[in-house]
>>> print(open('run-v7.pdb').read())   # PDB, C-alpha atoms
ATOM      1  CA  MET A   1      45.311  -3.596 -40.863  1.00  0.00           C
ATOM      2  CA  ASN A   2      45.122  -6.342 -43.437  1.00  0.00           C
ATOM      3  CA  ARG A   3      41.918  -7.930 -44.632  1.00  0.00           C
ATOM      4  CA  GLU A   4      41.957 -10.721 -42.057  1.00  0.00           C
ATOM      5  CA  GLN A   5      42.533  -8.310 -39.204  1.00  0.00           C
ATOM      6  CA  LYS A   6      39.710  -6.105 -40.410  1.00  0.00           C
ATOM      7  CA  ALA A   7      37.373  -9.111 -40.649  1.00  0.00           C
ATOM      8  CA  ALA A   8      38.313 -10.146 -37.129  1.00  0.00           C
ATOM      9  CA  ALA A   9      37.707  -6.597 -35.851  1.00  0.00           C
ATOM     10  CA  VAL A  10      34.299  -6.427 -37.539  1.00  0.00           C
ATOM     11  CA  ALA A  11      33.276  -9.784 -36.037  1.00  0.00           C
ATOM     12  CA  GLU A  12      34.434  -8.696 -32.580  1.00  0.00           C
ATOM     13  CA  ILE A  13      32.550  -5.383 -32.714  1.00  0.00           C
ATOM     14  CA  ALA A  14      29.439  -7.135 -34.040  1.00  0.00           C
ATOM     15  CA  GLU A  15      29.568  -9.552 -31.117  1.00  0.00           C
ATOM     16  CA  GLN A  16      29.876  -6.659 -28.658  1.00  0.00           C
ATOM     17  CA  ILE A  17      26.854  -4.957 -30.237  1.00  0.00           C
ATOM     18  CA  LYS A  18      24.748  -8.132 -29.878  1.00  0.00           C
ATOM     19  CA  GLU A  19      25.747  -8.696 -26.265  1.00  0.00           C
ATOM     20  CA  SER A  20      25.105  -5.107 -25.141  1.00  0.00           C
ATOM     21  CA  ASP A  21      21.902  -3.892 -23.490  1.00  0.00           C
ATOM     22  CA  ALA A  22      22.859  -0.299 -24.343  1.00  0.00           C
ATOM     23  CA  ILE A  23      25.496   1.492 -26.439  1.00  0.00           C
ATOM     24  CA  PHE A  24      26.556   5.116 -25.946  1.00  0.00           C
ATOM     25  CA  ALA A  25      28.442   6.976 -28.687  1.00  0.00           C
ATOM     26  CA  VAL A  26      30.740   9.866 -27.721  1.00  0.00           C
ATOM     27  CA  ASP A  27      33.212  12.179 -29.406  1.00  0.00           C
ATOM     28  CA  TYR A  28      36.609  11.115 -28.059  1.00  0.00           C
ATOM     29  CA  ARG A  29      38.684  14.039 -29.382  1.00  0.00           C
ATOM     30  CA  GLY A  30      41.104  15.489 -26.835  1.00  0.00           C
ATOM     31  CA  ILE A  31      41.130  12.573 -24.422  1.00  0.00           C
ATOM     32  CA  SER A  32      44.482  11.201 -23.300  1.00  0.00           C
ATOM     33  CA  VAL A  33      45.548   7.599 -22.844  1.00  0.00           C
ATOM     34  CA  THR A  34      45.690   8.095 -19.069  1.00  0.00           C
ATOM     35  CA  GLN A  35      42.175   9.490 -19.016  1.00  0.00           C
ATOM     36  CA  VAL A  36      40.894   6.587 -21.117  1.00  0.00           C
ATOM     37  CA  ALA A  37      42.406   4.104 -18.656  1.00  0.00           C
ATOM     38  CA  GLU A  38      40.801   5.967 -15.738  1.00  0.00           C
ATOM     39  CA  LEU A  39      37.396   6.005 -17.436  1.00  0.00           C
ATOM     40  CA  ARG A  40      37.605   2.323 -18.296  1.00  0.00           C
ATOM     41  CA  GLY A  41      38.176   1.536 -14.646  1.00  0.00           C
ATOM     42  CA  LYS A  42      34.969   3.338 -13.671  1.00  0.00           C
ATOM     43  CA  LEU A  43      32.970   1.739 -16.479  1.00  0.00           C
ATOM     44  CA  ARG A  44      34.133  -1.691 -15.417  1.00  0.00           C
ATOM     45  CA  GLU A  45      31.972  -1.335 -12.294  1.00  0.00           C
ATOM     46  CA  ALA A  46      28.921  -1.140 -14.569  1.00  0.00           C
ATOM     47  CA  ASP A  47      30.091  -4.082 -16.715  1.00  0.00           C
ATOM     48  CA  ALA A  48      30.724  -1.681 -19.605  1.00  0.00           C
ATOM     49  CA  THR A  49      33.546  -1.412 -22.140  1.00  0.00           C
ATOM     50  CA  PHE A  50      34.931   1.784 -23.726  1.00  0.00           C
ATOM     51  CA  ARG A  51      36.299   1.338 -27.226  1.00  0.00           C
ATOM     52  CA  VAL A  52      37.575   3.727 -29.906  1.00  0.00           C
ATOM     53  CA  VAL A  53      36.418   2.421 -33.261  1.00  0.00           C
ATOM     54  CA  LYS A  54      36.826   3.065 -36.943  1.00  0.00           C
ATOM     55  CA  ASN A  55      33.548   4.183 -38.452  1.00  0.00           C
ATOM     56  CA  THR A  56      33.897   2.050 -41.587  1.00  0.00           C
ATOM     57  CA  LEU A  57      34.516  -1.143 -39.644  1.00  0.00           C
ATOM     58  CA  THR A  58      31.753  -0.338 -37.149  1.00  0.00           C
ATOM     59  CA  GLU A  59      29.263   0.208 -39.974  1.00  0.00           C
ATOM     60  CA  ARG A  60      30.008  -3.271 -41.281  1.00  0.00           C
ATOM     61  CA  ALA A  61      29.671  -4.653 -37.754  1.00  0.00           C
ATOM     62  CA  ALA A  62      26.333  -2.856 -37.323  1.00  0.00           C
ATOM     63  CA  ASP A  63      25.091  -4.469 -40.543  1.00  0.00           C
ATOM     64  CA  ALA A  64      26.181  -7.884 -39.281  1.00  0.00           C
ATOM     65  CA  ALA A  65      24.469  -7.309 -35.919  1.00  0.00           C
ATOM     66  CA  GLU A  66      21.357  -5.806 -37.552  1.00  0.00           C
ATOM     67  CA  ALA A  67      21.801  -2.554 -35.598  1.00  0.00           C
ATOM     68  CA  GLU A  68      20.920  -0.058 -38.300  1.00  0.00           C
ATOM     69  CA  ALA A  69      20.254   2.744 -35.799  1.00  0.00           C
ATOM     70  CA  LEU A  70      23.881   2.698 -34.679  1.00  0.00           C
ATOM     71  CA  LYS A  71      25.171   3.661 -38.125  1.00  0.00           C
ATOM     72  CA  GLU A  72      23.599   7.124 -37.860  1.00  0.00           C
ATOM     73  CA  LEU A  73      25.942   7.935 -34.944  1.00  0.00           C
ATOM     74  CA  LEU A  74      29.146   7.072 -36.793  1.00  0.00           C
ATOM     75  CA  THR A  75      30.154  10.554 -37.941  1.00  0.00           C
ATOM     76  CA  GLY A  76      33.470  12.076 -36.951  1.00  0.00           C
ATOM     77  CA  PRO A  77      35.769  10.640 -34.261  1.00  0.00           C
ATOM     78  CA  THR A  78      33.642   8.138 -32.372  1.00  0.00           C
ATOM     79  CA  ALA A  79      34.112   5.957 -29.324  1.00  0.00           C
ATOM     80  CA  LEU A  80      31.492   3.470 -28.206  1.00  0.00           C
ATOM     81  CA  THR A  81      30.622   2.353 -24.689  1.00  0.00           C
ATOM     82  CA  PHE A  82      29.163  -1.157 -24.758  1.00  0.00           C
ATOM     83  CA  VAL A  83      26.999  -1.683 -21.657  1.00  0.00           C
ATOM     84  CA  ARG A  84      26.088  -5.186 -20.553  1.00  0.00           C
ATOM     85  CA  GLY A  85      25.198  -4.266 -16.981  1.00  0.00           C
ATOM     86  CA  ASP A  86      23.931  -1.089 -15.306  1.00  0.00           C
ATOM     87  CA  ALA A  87      23.199   1.520 -17.995  1.00  0.00           C
ATOM     88  CA  ALA A  88      22.566   4.261 -15.428  1.00  0.00           C
ATOM     89  CA  THR A  89      25.966   3.762 -13.769  1.00  0.00           C
ATOM     90  CA  ALA A  90      27.752   3.745 -17.150  1.00  0.00           C
ATOM     91  CA  ALA A  91      25.966   6.877 -18.347  1.00  0.00           C
ATOM     92  CA  LYS A  92      26.700   8.585 -15.020  1.00  0.00           C
ATOM     93  CA  ALA A  93      30.417   7.777 -15.294  1.00  0.00           C
ATOM     94  CA  ILE A  94      30.673   9.333 -18.767  1.00  0.00           C
ATOM     95  CA  SER A  95      28.499  12.307 -17.823  1.00  0.00           C
ATOM     96  CA  THR A  96      30.599  13.014 -14.724  1.00  0.00           C
ATOM     97  CA  PHE A  97      33.789  12.738 -16.761  1.00  0.00           C
ATOM     98  CA  ASN A  98      32.370  15.205 -19.301  1.00  0.00           C
ATOM     99  CA  LYS A  99      31.505  17.727 -16.571  1.00  0.00           C
ATOM    100  CA  GLU A 100      34.983  17.473 -15.041  1.00  0.00           C
ATOM    101  CA  THR A 101      37.002  17.599 -18.278  1.00  0.00           C
ATOM    102  CA  ASP A 102      34.632  18.978 -20.918  1.00  0.00           C
ATOM    103  CA  LEU A 103      35.472  15.884 -22.986  1.00  0.00           C
ATOM    104  CA  LEU A 104      33.480  12.905 -24.314  1.00  0.00           C
ATOM    105  CA  ALA A 105      30.335  14.725 -25.371  1.00  0.00           C
ATOM    106  CA  PHE A 106      27.448  12.346 -26.023  1.00  0.00           C
ATOM    107  CA  LYS A 107      26.430  11.864 -29.632  1.00  0.00           C
ATOM    108  CA  GLY A 108      23.542   9.509 -28.963  1.00  0.00           C
ATOM    109  CA  GLY A 109      23.037   5.810 -28.421  1.00  0.00           C
ATOM    110  CA  ILE A 110      20.758   2.810 -28.585  1.00  0.00           C
ATOM    111  CA  MET A 111      19.074   0.727 -25.888  1.00  0.00           C
ATOM    112  CA  ASP A 112      17.168  -2.484 -26.519  1.00  0.00           C
ATOM    113  CA  GLY A 113      17.221  -1.672 -30.224  1.00  0.00           C
ATOM    114  CA  GLU A 114      15.716   1.799 -29.781  1.00  0.00           C
ATOM    115  CA  THR A 115      17.529   5.048 -30.583  1.00  0.00           C
ATOM    116  CA  LEU A 116      18.526   7.290 -27.665  1.00  0.00           C
ATOM    117  CA  GLU A 117      18.859  11.040 -27.993  1.00  0.00           C
ATOM    118  CA  VAL A 118      21.495  12.957 -26.023  1.00  0.00           C
ATOM    119  CA  GLY A 119      18.863  14.269 -23.598  1.00  0.00           C
ATOM    120  CA  GLN A 120      17.630  10.746 -22.918  1.00  0.00           C
ATOM    121  CA  ILE A 121      21.134   9.520 -22.091  1.00  0.00           C
ATOM    122  CA  GLN A 122      21.623  12.455 -19.734  1.00  0.00           C
ATOM    123  CA  ALA A 123      18.317  11.582 -18.053  1.00  0.00           C
ATOM    124  CA  ILE A 124      19.485   7.986 -17.635  1.00  0.00           C
ATOM    125  CA  ALA A 125      22.680   9.280 -16.039  1.00  0.00           C
ATOM    126  CA  LYS A 126      20.599  10.949 -13.298  1.00  0.00           C
ATOM    127  CA  LEU A 127      18.853   7.721 -12.319  1.00  0.00           C
ATOM    128  CA  PRO A 128      19.956   5.767  -9.234  1.00  0.00           C
ATOM    129  CA  SER A 129      22.098   2.732  -9.900  1.00  0.00           C
ATOM    130  CA  ARG A 130      20.440  -0.632 -10.386  1.00  0.00           C
ATOM    131  CA  GLN A 131      21.616  -1.788  -6.961  1.00  0.00           C
ATOM    132  CA  VAL A 132      20.079   1.266  -5.271  1.00  0.00           C
ATOM    133  CA  LEU A 133      16.798   0.746  -7.148  1.00  0.00           C
ATOM    134  CA  TYR A 134      16.692  -2.897  -6.071  1.00  0.00           C
ATOM    135  CA  GLY A 135      17.265  -1.850  -2.473  1.00  0.00           C
ATOM    136  CA  GLN A 136      14.461   0.715  -2.632  1.00  0.00           C
ATOM    137  CA  LEU A 137      12.090  -1.795  -4.205  1.00  0.00           C
ATOM    138  CA  VAL A 138      12.851  -4.409  -1.564  1.00  0.00           C
ATOM    139  CA  GLY A 139      12.337  -1.792   1.140  1.00  0.00           C
ATOM    140  CA  VAL A 140       8.951  -0.774  -0.259  1.00  0.00           C
ATOM    141  CA  VAL A 141       7.786  -4.382  -0.528  1.00  0.00           C
ATOM    142  CA  ALA A 142       9.163  -5.466   2.832  1.00  0.00           C
ATOM    143  CA  ALA A 143       7.909  -2.477   4.860  1.00  0.00           C
ATOM    144  CA  PRO A 144       4.217  -3.541   5.107  1.00  0.00           C
ATOM    145  CA  ILE A 145       5.206  -7.149   5.818  1.00  0.00           C
ATOM    146  CA  THR A 146       7.606  -6.069   8.566  1.00  0.00           C
ATOM    147  CA  GLY A 147       4.959  -3.831  10.119  1.00  0.00           C
ATOM    148  CA  LEU A 148       2.405  -6.633  10.086  1.00  0.00           C
ATOM    149  CA  ALA A 149       4.852  -9.065  11.638  1.00  0.00           C
ATOM    150  CA  ARG A 150       5.685  -6.593  14.405  1.00  0.00           C
ATOM    151  CA  SER A 151       1.999  -5.928  15.101  1.00  0.00           C
ATOM    152  CA  LEU A 152       1.189  -9.625  15.301  1.00  0.00           C
ATOM    153  CA  GLY A 153       4.201 -10.215  17.511  1.00  0.00           C
ATOM    154  CA  GLY A 154       3.076  -7.447  19.864  1.00  0.00           C
ATOM    155  CA  LEU A 155      -0.460  -8.799  20.060  1.00  0.00           C
ATOM    156  CA  LEU A 156       0.690 -12.342  20.766  1.00  0.00           C
ATOM    157  CA  GLY A 157       3.178 -11.119  23.345  1.00  0.00           C
ATOM    158  CA  GLY A 158       0.519  -9.060  25.139  1.00  0.00           C
ATOM    159  CA  LEU A 159      -1.895 -12.002  25.155  1.00  0.00           C
ATOM    160  CA  ALA A 160       0.736 -14.316  26.618  1.00  0.00           C
ATOM    161  CA  ILE A 161       1.507 -11.825  29.409  1.00  0.00           C
ATOM    162  CA  ALA A 162      -2.176 -11.376  30.232  1.00  0.00           C
ATOM    163  CA  LEU A 163      -2.774 -15.123  30.405  1.00  0.00           C
ATOM    164  CA  GLY A 164       0.267 -15.552  32.614  1.00  0.00           C
ATOM    165  CA  GLN A 165      -1.011 -12.911  35.060  1.00  0.00           C
ATOM    166  CA  VAL A 166      -4.418 -14.583  35.222  1.00  0.00           C
ATOM    167  CA  GLN A 167      -2.795 -17.937  35.976  1.00  0.00           C
ATOM    168  CA  GLU A 168      -0.676 -16.409  38.751  1.00  0.00           C
ATOM    169  CA  LYS A 169      -3.725 -14.793  40.379  1.00  0.00           C
ATOM    170  CA  LYS A 170      -5.609 -18.100  40.272  1.00  0.00           C
ATOM    171  CA  GLN A 171      -2.715 -19.892  41.941  1.00  0.00           C
ATOM    172  CA  SER A 172      -2.442 -17.204  44.643  1.00  0.00           C
ATOM    173  CA  GLY A 173      -6.176 -17.306  45.317  1.00  0.00           C
ATOM    174  CA  GLU A 174      -6.905 -13.783  44.152  1.00  0.00           C
ATOM    175  CA  LEU A 175      -9.161 -15.196  41.481  1.00  0.00           C
ATOM    176  CA  PRO A 176     -11.451 -18.235  41.965  1.00  0.00           C
ATOM    177  CA  ALA A 177     -10.333 -21.243  40.086  1.00  0.00           C
ATOM    178  CA  GLY A 178     -13.845 -21.665  38.752  1.00  0.00           C
ATOM    179  CA  GLU A 179     -16.030 -24.729  38.502  1.00  0.00           C
ATOM    180  CA  PRO A 180     -16.273 -26.976  35.547  1.00  0.00           C
ATOM    181  CA  PRO A 181     -19.120 -25.969  33.314  1.00  0.00           C
ATOM    182  CA  ALA A 182     -22.376 -27.827  33.871  1.00  0.00           C
ATOM    183  CA  ALA A 183     -23.380 -30.387  31.358  1.00  0.00           C
ATOM    184  CA  ALA A 184     -25.524 -28.918  28.737  1.00  0.00           C
ATOM    185  CA  ALA A 185     -29.194 -29.684  29.235  1.00  0.00           C
ATOM    186  CA  GLU A 186     -30.748 -31.913  26.707  1.00  0.00           C
ATOM    187  CA  PRO A 187     -32.788 -29.968  24.254  1.00  0.00           C
ATOM    188  CA  GLN A 188     -36.540 -30.236  24.821  1.00  0.00           C
ATOM    189  CA  ALA A 189     -38.929 -30.883  22.032  1.00  0.00           C
ATOM    190  CA  PRO A 190     -40.855 -27.759  21.150  1.00  0.00           C
ATOM    191  CA  GLU A 191     -44.417 -27.617  22.455  1.00  0.00           C
ATOM    192  CA  VAL A 192     -47.069 -27.948  19.819  1.00  0.00           C
ATOM    193  CA  PRO A 193     -49.987 -25.503  20.166  1.00  0.00           C
ATOM    194  CA  ALA A 194     -53.305 -27.055  21.171  1.00  0.00           C
ATOM    195  CA  GLU A 195     -55.023 -26.150  17.961  1.00  0.00           C
ATOM    196  CA  GLU A 196     -52.193 -27.739  16.025  1.00  0.00           C
ATOM    197  CA  ALA A 197     -52.073 -30.916  18.082  1.00  0.00           C
ATOM    198  CA  ALA A 198     -52.990 -34.034  16.231  1.00  0.00           C
ATOM    199  CA  PRO A 199     -56.609 -35.104  16.996  1.00  0.00           C
ATOM    200  CA  GLU A 200     -57.046 -38.186  19.151  1.00  0.00           C
ATOM    201  CA  PRO A 201     -58.593 -41.126  17.356  1.00  0.00           C
ATOM    202  CA  GLU A 202     -62.292 -41.642  18.155  1.00  0.00           C
ATOM    203  CA  ALA A 203     -63.177 -44.721  20.151  1.00  0.00           C
ATOM    204  CA  ALA A 204     -64.855 -47.452  18.172  1.00  0.00           C
ATOM    205  CA  PRO A 205     -68.546 -47.884  19.107  1.00  0.00           C
ATOM    206  CA  GLU A 206     -69.193 -50.748  21.528  1.00  0.00           C
ATOM    207  CA  PRO A 207     -71.366 -53.549  20.144  1.00  0.00           C
ATOM    208  CA  GLU A 208     -74.955 -53.535  21.496  1.00  0.00           C
ATOM    209  CA  ALA A 209     -75.730 -56.229  24.002  1.00  0.00           C
ATOM    210  CA  ALA A 210     -77.939 -59.030  22.707  1.00  0.00           C
ATOM    211  CA  ALA A 211     -81.563 -58.715  23.854  1.00  0.00           C
ATOM    212  CA  GLU A 212     -82.444 -61.124  26.621  1.00  0.00           C
ATOM    213  CA  PRO A 213     -85.283 -63.547  25.684  1.00  0.00           C
ATOM    214  CA  GLN A 214     -88.619 -62.728  27.386  1.00  0.00           C
ATOM    215  CA  ASP A 215     -90.752 -65.397  28.982  1.00  0.00           C
ATOM    216  CA  THR A 216     -93.744 -66.003  26.728  1.00  0.00           C
ATOM    217  CA  GLN A 217     -96.889 -67.523  28.149  1.00  0.00           C
ATOM    218  CA  ASP A 218     -98.276 -70.296  26.077  1.00  0.00           C
ATOM    219  CA  ASP A 219    -101.919 -69.869  25.339  1.00  0.00           C
ATOM    220  CA  THR A 220    -102.214 -73.570  25.523  1.00  0.00           C
ATOM    221  CA  PRO A 221    -103.430 -74.547  28.996  1.00  0.00           C
ATOM    222  CA  SER A 222    -101.085 -76.608  30.991  1.00  0.00           C
ATOM    223  CA  ASP A 223    -101.821 -80.152  31.962  1.00  0.00           C
ATOM    224  CA  ASN A 224    -102.776 -79.066  35.493  1.00  0.00           C
ATOM    225  CA  GLU A 225    -105.344 -76.696  34.226  1.00  0.00           C
ATOM    226  CA  ASN A 226    -106.836 -79.472  32.108  1.00  0.00           C
ATOM    227  CA  ASP A 227    -106.874 -81.755  35.037  1.00  0.00           C
ATOM    228  CA  SER A 228    -108.711 -79.179  37.158  1.00  0.00           C
ATOM    229  CA  GLY A 229    -111.355 -78.655  34.534  1.00  0.00           C
ATOM    230  CA  ALA A 230    -111.918 -82.320  34.252  1.00  0.00           C
ATOM    231  CA  SER A 231    -112.509 -82.706  37.963  1.00  0.00           C
ATOM    232  CA  ALA A 232    -115.156 -80.031  37.932  1.00  0.00           C
TER     233      ALA A 232
END
>>> encode(input="run-v7.pdb", output="structure tokens")
Amino acid sequence: MNREQKAAAVAEIAEQIKESDAIFAVDYRGISVTQVAELRGKLREADATFRVVKNTLTERAADAAEAEALKELLTGPTALTFVRGDAATAAKAISTFNKETDLLAFKGGIMDGETLEVGQIQAIAKLPSRQVLYGQLVGVVAAPITGLARSLGGLLGGLAIALGQVQEKKQSGELPAGEPPAAAAEPQAPEVPAEEAAPEPEAAPEPEAAAEPQDTQDDTPSDNENDSGASA
């Protein structure tokens, strides 16, 4: 590899590091070309790439991608699995291959910038795939809604049947059709207790009748009396 080729390889590995959600490092000693091709086919389902790398070039790529934790895993023959999709499916594929062939032992890894120990990667390999987890989550969320919808549907269906039976019995005469409801009586004003009733206004006093004039006898004798006295 000349200098330009090495620079291109470093840039390519650095780009893969940046784009990956997780990276698993394994010891690739003993694996054949046929086995590598078979493993790559399984990893493709998880949107993951298996690549045998040179430690010196990968260290430079890790510096460029600011992935310092990855450099600690670059000891001895190393192959990296760059995961851009389902980390659980990728870890399961490598773990299964290791159990079947006793090859590709985990050395460690990183996920979201955090270091992964071998035990943590093995735990990830035991998780359900992302698709299965999504299905379980949707099932958990949808179950109460489905039950409620079925219950409401049953209630509405039962009510419709009951109303239909009542209508049929009314038409056949088994049930009286019923009379229209009487008009509601007008509300009456509340009675006020006697002691609380407003007092009636007192009648105005009638004016006293004017005193009739009395006949007064004049002490002065009348002309007749004078005439009688004169005759005597």
>>> residues_around(input="run-v7.pdb", residues="Glu15 of chain A", least_positions_apart="2", cutoff="12 Å", atoms="only C-alpha atoms", output="PDB file with C-alpha atoms, in the coordinates of the input")
ATOM      1  CA  ALA A   8      38.313 -10.146 -37.129  1.00  0.00           C
ATOM      2  CA  ALA A   9      37.707  -6.597 -35.851  1.00  0.00           C
ATOM      3  CA  VAL A  10      34.299  -6.427 -37.539  1.00  0.00           C
ATOM      4  CA  ALA A  11      33.276  -9.784 -36.037  1.00  0.00           C
ATOM      5  CA  GLU A  12      34.434  -8.696 -32.580  1.00  0.00           C
ATOM      6  CA  ILE A  13      32.550  -5.383 -32.714  1.00  0.00           C
ATOM      7  CA  ILE A  17      26.854  -4.957 -30.237  1.00  0.00           C
ATOM      8  CA  LYS A  18      24.748  -8.132 -29.878  1.00  0.00           C
ATOM      9  CA  GLU A  19      25.747  -8.696 -26.265  1.00  0.00           C
ATOM     10  CA  SER A  20      25.105  -5.107 -25.141  1.00  0.00           C
ATOM     11  CA  THR A  58      31.753  -0.338 -37.149  1.00  0.00           C
ATOM     12  CA  ARG A  60      30.008  -3.271 -41.281  1.00  0.00           C
ATOM     13  CA  ALA A  61      29.671  -4.653 -37.754  1.00  0.00           C
ATOM     14  CA  ALA A  62      26.333  -2.856 -37.323  1.00  0.00           C
ATOM     15  CA  ASP A  63      25.091  -4.469 -40.543  1.00  0.00           C
ATOM     16  CA  ALA A  64      26.181  -7.884 -39.281  1.00  0.00           C
ATOM     17  CA  ALA A  65      24.469  -7.309 -35.919  1.00  0.00           C
ATOM     18  CA  GLU A  66      21.357  -5.806 -37.552  1.00  0.00           C
ATOM     19  CA  ALA A  67      21.801  -2.554 -35.598  1.00  0.00           C
ATOM     20  CA  PHE A  82      29.163  -1.157 -24.758  1.00  0.00           C
ATOM     21  CA  ARG A  84      26.088  -5.186 -20.553  1.00  0.00           C
TER      22      ARG A  84
END
>>> residues_around(input="run-v7.pdb", residues="segment 54-56 of chain A", least_positions_apart="2", cutoff="9 Å", atoms="only C-alpha atoms", output="VMD selection string")
chain A and resid 52 58 to 61 71 74 to 79
>>> atom_distance(input="run-v7.pdb", atom1="atom CA of Leu103 of chain A", atom2="atom CA of Arg51 of chain A")
15.2 Å
>>> residues_around(input="run-v7.pdb", residues="Glu117 of chain A", least_positions_apart="4", cutoff="12 Å", atoms="all atoms listed in the file", output="list in words")
Ile23, Phe24, Ala25, Val26, Ala69, Leu70, Glu72, Leu73, Phe106, Lys107, Gly108, Gly109, Ile110, Met111, Ile121, Gln122, Ala123 and Ile124 of chain A
>>> closest_residue(input="run-v7.pdb", among="A:Gln171, A:Gln5, A:Thr49, A:Thr81", to="Leu104 of chain A", atoms="only C-alpha atoms")
A:Thr81
>>> closest_residue(input="run-v7.pdb", among="A:Glu100, A:Asn2, A:Asp86, A:Ala22", to="Leu116 of chain A", atoms="only C-alpha atoms")
A:Ala22
>>> atom_distance(input="run-v7.pdb", atom1="atom CA of Gln35 of chain A", atom2="atom CA of Asp112 of chain A")
28.7 Å
